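Visitor: Input structure: input.csv, which contains CSV, C-alpha atoms.
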chain,number,residue,atom,x,y,z
A,1,MET,CA,-2.8,18.7,4.9
A,2,SER,CA,-3.4,15.3,3.2
A,3,ARG,CA,-6.7,13.6,2.5
A,4,GLN,CA,-7.2,10.0,3.8
A,5,VAL,CA,-8.0,7.7,0.9
A,6,GLU,CA,-7.9,4.0,0.0
A,7,ILE,CA,-5.0,3.1,-2.2
A,8,VAL,CA,-5.6,0.2,-4.6
A,9,ASP,CA,-2.9,-1.1,-7.1
A,10,GLY,CA,-0.7,1.8,-6.0
A,11,LEU,CA,-3.2,4.5,-7.0
A,12,PRO,CA,-5.6,6.5,-4.8
A,13,ARG,CA,-9.3,5.9,-5.1
A,14,ILE,CA,-10.5,9.5,-5.7
A,15,ASP,CA,-12.8,11.2,-8.1
A,16,LEU,CA,-11.9,13.9,-10.6
A,17,SER,CA,-14.2,16.5,-9.0
A,18,TRP,CA,-11.9,16.5,-5.9
A,19,LEU,CA,-8.8,17.2,-8.0
A,20,LEU,CA,-10.5,19.8,-10.2
A,21,ALA,CA,-11.8,21.7,-7.1
A,22,ARG,CA,-8.2,22.6,-6.4
A,23,VAL,CA,-7.4,24.3,-9.7
A,24,ARG,CA,-7.9,27.8,-11.1
A,25,GLU,CA,-8.5,28.7,-14.7
A,26,GLY,CA,-5.4,30.1,-16.5
A,27,GLU,CA,-4.6,31.5,-19.9
A,28,GLY,CA,-5.6,29.5,-22.9
A,29,GLY,CA,-8.2,27.4,-21.1
A,30,CYS,CA,-5.6,25.8,-18.8
A,31,LEU,CA,-6.5,24.5,-15.4
A,32,VAL,CA,-3.6,25.4,-13.1
A,33,TRP,CA,-3.0,23.3,-9.9
A,34,MET,CA,-3.0,25.5,-6.8
A,35,ARG,CA,-1.5,23.1,-4.3
A,36,SER,CA,2.0,21.7,-3.9
A,37,ALA,CA,4.5,21.1,-6.7
A,38,HIS,CA,7.8,19.2,-7.1
A,39,LYS,CA,10.7,21.3,-5.9
A,40,LYS,CA,12.9,20.8,-9.0
A,41,ASP,CA,10.7,20.6,-12.0
A,42,GLY,CA,7.4,22.2,-10.7
A,43,ARG,CA,5.2,19.2,-11.6
A,44,PRO,CA,1.9,19.4,-9.7
A,45,MET,CA,1.7,16.9,-6.7
A,46,ALA,CA,-1.0,15.8,-4.3
A,47,THR,CA,-0.4,14.0,-0.9
A,48,PHE,CA,-2.8,11.4,0.5
A,49,THR,CA,-2.8,9.4,3.7
A,50,SER,CA,-3.4,5.7,3.1
A,51,HIS,CA,-6.3,4.0,5.0
A,52,GLY,CA,-4.3,0.9,5.7
A,53,ARG,CA,-0.9,2.2,6.6
A,54,GLY,CA,-1.6,5.7,7.9
A,55,SER,CA,1.5,6.9,6.0
A,56,GLU,CA,1.5,9.8,3.5
A,57,VAL,CA,1.8,8.9,-0.2
A,58,THR,CA,2.5,11.5,-2.8
A,59,PHE,CA,1.3,11.3,-6.4
A,60,TYR,CA,1.8,13.4,-9.5
A,61,VAL,CA,-1.6,15.1,-10.3
A,62,ARG,CA,-1.2,15.0,-14.1
A,63,ARG,CA,-0.8,11.2,-13.9
A,64,LEU,CA,-4.0,10.9,-11.7
A,65,VAL,CA,-6.0,13.2,-14.0
A,66,TYR,CA,-4.9,11.3,-17.0
A,67,GLN,CA,-5.8,8.0,-15.5
A,68,LEU,CA,-9.2,9.2,-14.4
A,69,THR,CA,-10.1,10.8,-17.8
A,70,HIS,CA,-8.2,8.7,-20.4
A,71,GLN,CA,-7.7,5.2,-19.0
A,72,ASP,CA,-10.3,2.4,-19.1
A,73,GLY,CA,-9.1,1.1,-15.7
A,74,SER,CA,-7.8,-2.2,-17.0
A,75,ARG,CA,-4.6,-3.7,-15.5
A,76,ARG,CA,-2.8,-3.3,-18.8
A,77,GLY,CA,-3.6,0.5,-18.8
A,78,VAL,CA,-2.3,0.9,-15.3
A,79,VAL,CA,1.0,-0.9,-16.1
A,80,GLU,CA,1.4,1.1,-19.3
A,81,LEU,CA,0.8,4.3,-17.4
A,82,ARG,CA,3.5,3.4,-14.8
A,83,ARG,CA,6.1,3.0,-17.5
A,84,SER,CA,5.3,6.3,-19.2
A,85,TRP,CA,5.4,10.0,-18.4
A,86,VAL,CA,2.3,12.2,-18.5
A,87,VAL,CA,3.3,15.6,-19.9
A,88,CYS,CA,1.4,18.7,-20.7
A,89,SER,CA,1.1,19.8,-24.3
A,90,CYS,CA,0.8,23.5,-23.4
A,91,GLU,CA,3.6,25.5,-21.9
A,92,THR,CA,1.7,26.5,-18.8
A,93,PRO,CA,3.5,25.3,-15.6
A,94,GLY,CA,1.2,23.4,-13.3
A,95,CYS,CA,-1.5,22.8,-16.0
A,96,VAL,CA,-3.6,19.7,-15.3
A,97,HIS,CA,-6.3,20.2,-18.0
A,98,PRO,CA,-7.3,16.7,-19.2
A,99,ASP,CA,-7.3,17.8,-22.9
A,100,HIS,CA,-3.7,19.1,-22.5
A,101,LEU,CA,-2.3,15.9,-21.1
A,102,VAL,CA,-0.4,13.4,-23.3
A,103,MET,CA,1.2,10.1,-22.4
A,104,CYS,CA,4.7,9.6,-23.7
A,105,SER,CA,7.8,7.4,-23.2
A,106,PRO,CA,10.8,8.6,-21.2
A,107,SER,CA,12.8,8.9,-24.5
A,108,GLU,CA,10.1,11.0,-26.1
A,109,ARG,CA,10.1,13.3,-23.1
A,110,ARG,CA,13.8,13.8,-23.2
A,111,LYS,CA,13.9,14.4,-27.0
A,112,ASP,CA,13.5,18.2,-26.8
A,113,VAL,CA,15.5,18.7,-23.6
A,114,PRO,CA,18.9,20.3,-24.4
A,115,LYS,CA,21.9,18.3,-23.2
A,116,THR,CA,24.1,19.7,-20.5
A,117,LEU,CA,27.8,20.0,-20.8
A,118,MET,CA,28.2,17.0,-18.4
A,119,HIS,CA,25.8,14.9,-20.5
A,120,ARG,CA,27.6,15.7,-23.7
A,121,GLU,CA,30.9,14.8,-22.1
A,122,ALA,CA,29.6,11.5,-20.9
A,123,ILE,CA,28.3,10.7,-24.5
A,124,ALA,CA,31.7,11.7,-25.9
A,125,ARG,CA,33.5,9.5,-23.3
A,126,GLY,CA,31.4,6.5,-24.3
A,127,ARG,CA,32.1,7.1,-28.0
A,128,ARG,CA,35.8,7.5,-27.4
A,129,ALA,CA,35.9,4.2,-25.5
A,130,LYS,CA,34.6,2.4,-28.7
A,131,SER,CA,36.8,4.4,-31.1
A,132,ARG,CA,39.8,2.9,-32.8
A,133,ILE,CA,41.5,6.3,-32.7
A,134,SER,CA,43.2,7.2,-29.3
A,135,ASP,CA,43.1,10.6,-27.6
A,136,GLU,CA,46.9,10.8,-28.3
A,137,ALA,CA,46.3,10.3,-32.0
A,138,VAL,CA,43.6,13.0,-32.0
A,139,ALA,CA,46.0,15.4,-30.2
A,140,ALA,CA,48.7,14.6,-32.8
A,141,MET,CA,46.3,15.3,-35.7
A,142,ARG,CA,45.5,18.7,-34.2
A,143,ALA,CA,49.1,19.6,-33.7
A,144,ASP,CA,50.4,18.3,-37.1
A,145,PRO,CA,51.1,21.2,-39.5
A,146,ARG,CA,50.9,18.9,-42.6
A,147,THR,CA,47.9,18.7,-44.9
A,148,ASP,CA,44.8,16.8,-44.0
A,149,GLU,CA,45.6,14.1,-46.7
A,150,ALA,CA,49.0,13.4,-45.3
A,151,VAL,CA,47.8,13.2,-41.7
A,152,ALA,CA,44.9,11.0,-42.7
A,153,LYS,CA,47.2,8.5,-44.5
A,154,GLU,CA,49.5,8.3,-41.5
A,155,HIS,CA,46.6,7.5,-39.1
A,156,GLY,CA,44.6,5.4,-41.5
A,157,VAL,CA,41.5,7.5,-41.5
A,158,HIS,CA,39.6,9.6,-44.1
A,159,ARG,CA,40.7,13.1,-44.9
A,160,SER,CA,37.3,14.5,-43.8
A,161,TYR,CA,37.7,12.9,-40.4
A,162,VAL,CA,41.0,14.8,-39.9
A,163,SER,CA,39.4,18.0,-41.1
A,164,SER,CA,36.5,17.7,-38.7
A,165,VAL,CA,38.8,16.9,-35.8
A,166,ARG,CA,40.9,20.0,-36.5
A,167,ALA,CA,37.7,22.1,-36.8
A,168,ASP,CA,36.5,20.8,-33.4
A,169,LYS,CA,33.4,19.3,-34.9
A,170,ARG,CA,34.5,15.8,-33.7
A,171,ARG,CA,36.3,14.6,-30.6
A,172,ARG,CA,35.9,17.8,-28.6
A,173,ASP,CA,37.8,17.9,-25.3
A,174,TYR,CA,35.0,18.5,-22.7
A,175,ARG,CA,37.5,18.5,-19.9
A,176,ASN,CA,38.3,22.0,-20.9
A,177,PRO,CA,35.8,24.2,-19.0
A,178,TRP,CA,35.7,26.8,-21.9
A,179,GLU,CA,35.0,24.2,-24.6
A,180,GLY,CA,31.2,24.4,-24.2
A,181,LEU,CA,31.2,28.1,-25.0
A,182,ARG,CA,31.8,27.6,-28.7
Taking this structure as input, can you express it in the form of structure tokens?
Guide:
Amino acid sequence: MSRQVEIVDGLPRIDLSWLLARVREGEGGCLVWMRSAHKKDGRPMATFTSHGRGSEVTFYVRRLVYQLTHQDGSRRGVVELRRSWVVCSCETPGCVHPDHLVMCSPSERRKDVPKTLMHREAIARGRRAKSRISDEAVAAMRADPRTDEAVAKEHGVHRSYVSSVRADKRRRDYRNPWEGLR
């Protein structure tokens, strides 16, 4: 069930006490959100009904708590908050404790996330498109029985490049489904 609120500048006008009444105390002093969460990543969410439109609008609770406790309410602060992620510094899923919330950029948020095989393959595809060495030349380097020095001279690259290609440290073939298991 959603609560009817006034939405100004894209954010609901609520007070912190309403949000904090819907949490329970967890381990390490965390305040764990007891209502709905995002299906994929489990981020705490709250749904409100807009006074003007009558339609339901969903907000991330961490963002609301951060705005109510850390922002001065200026327009610059709201714009800065919209471009950023509000993440929890503790490892407790659903924690919305104001002292545990940190604002970070999207790139800072993704820094510690491991890359999937599809993501690594997309990065490799982009690098190969800019490379002066073709995929056929890389396959020839791997198949050539000669020394690294002789193969490097033939292809106009450094010996260490040929060595790392042969050791599968560079130019991995991510089209092979077993390649990611190394």
Visitor: Here is a test: counting all atoms listed in the file, which residue of A:Glu25, A:Arg83, A:Lys153, A:Arg171 is nearest to A:Arg128?
Guide: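 Distance minimum relative to A:Arg128 lands on A:Arg171.
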Visitor: To one decimal place, how far is atom CA of A:Pro145 from atom CA of A:Leu117 in Å?
Guide: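 Result for atom CA of A:Pro145 versus atom CA of A:Leu117: 29.9 Å, one decimal.
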Visitor: Smallest atom-to-atom distance to A:Tyr60: which of A:Ser107, A:His100, A:Pro12, A:Pro114, using all atoms listed in the file?
Guide: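 The answer is A:Pro12, which sits nearest to A:Tyr60.
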Visitor: Provide the atom CA of A:Glu149 to atom CA of A:Asp135 distance in Å, to one decimal place.
Guide: 19.6 Å
Visitor: Listed atoms of stretch 161-174 of chain A, axis-aligned box, 3 Å per side: centre and edge lengths to one decimal in Å, as JSON?
Guide:
{"center_x": 37.2, "center_y": 17.5, "center_z": -31.9, "size_x": 13.6, "size_y": 15.2, "size_z": 24.4}
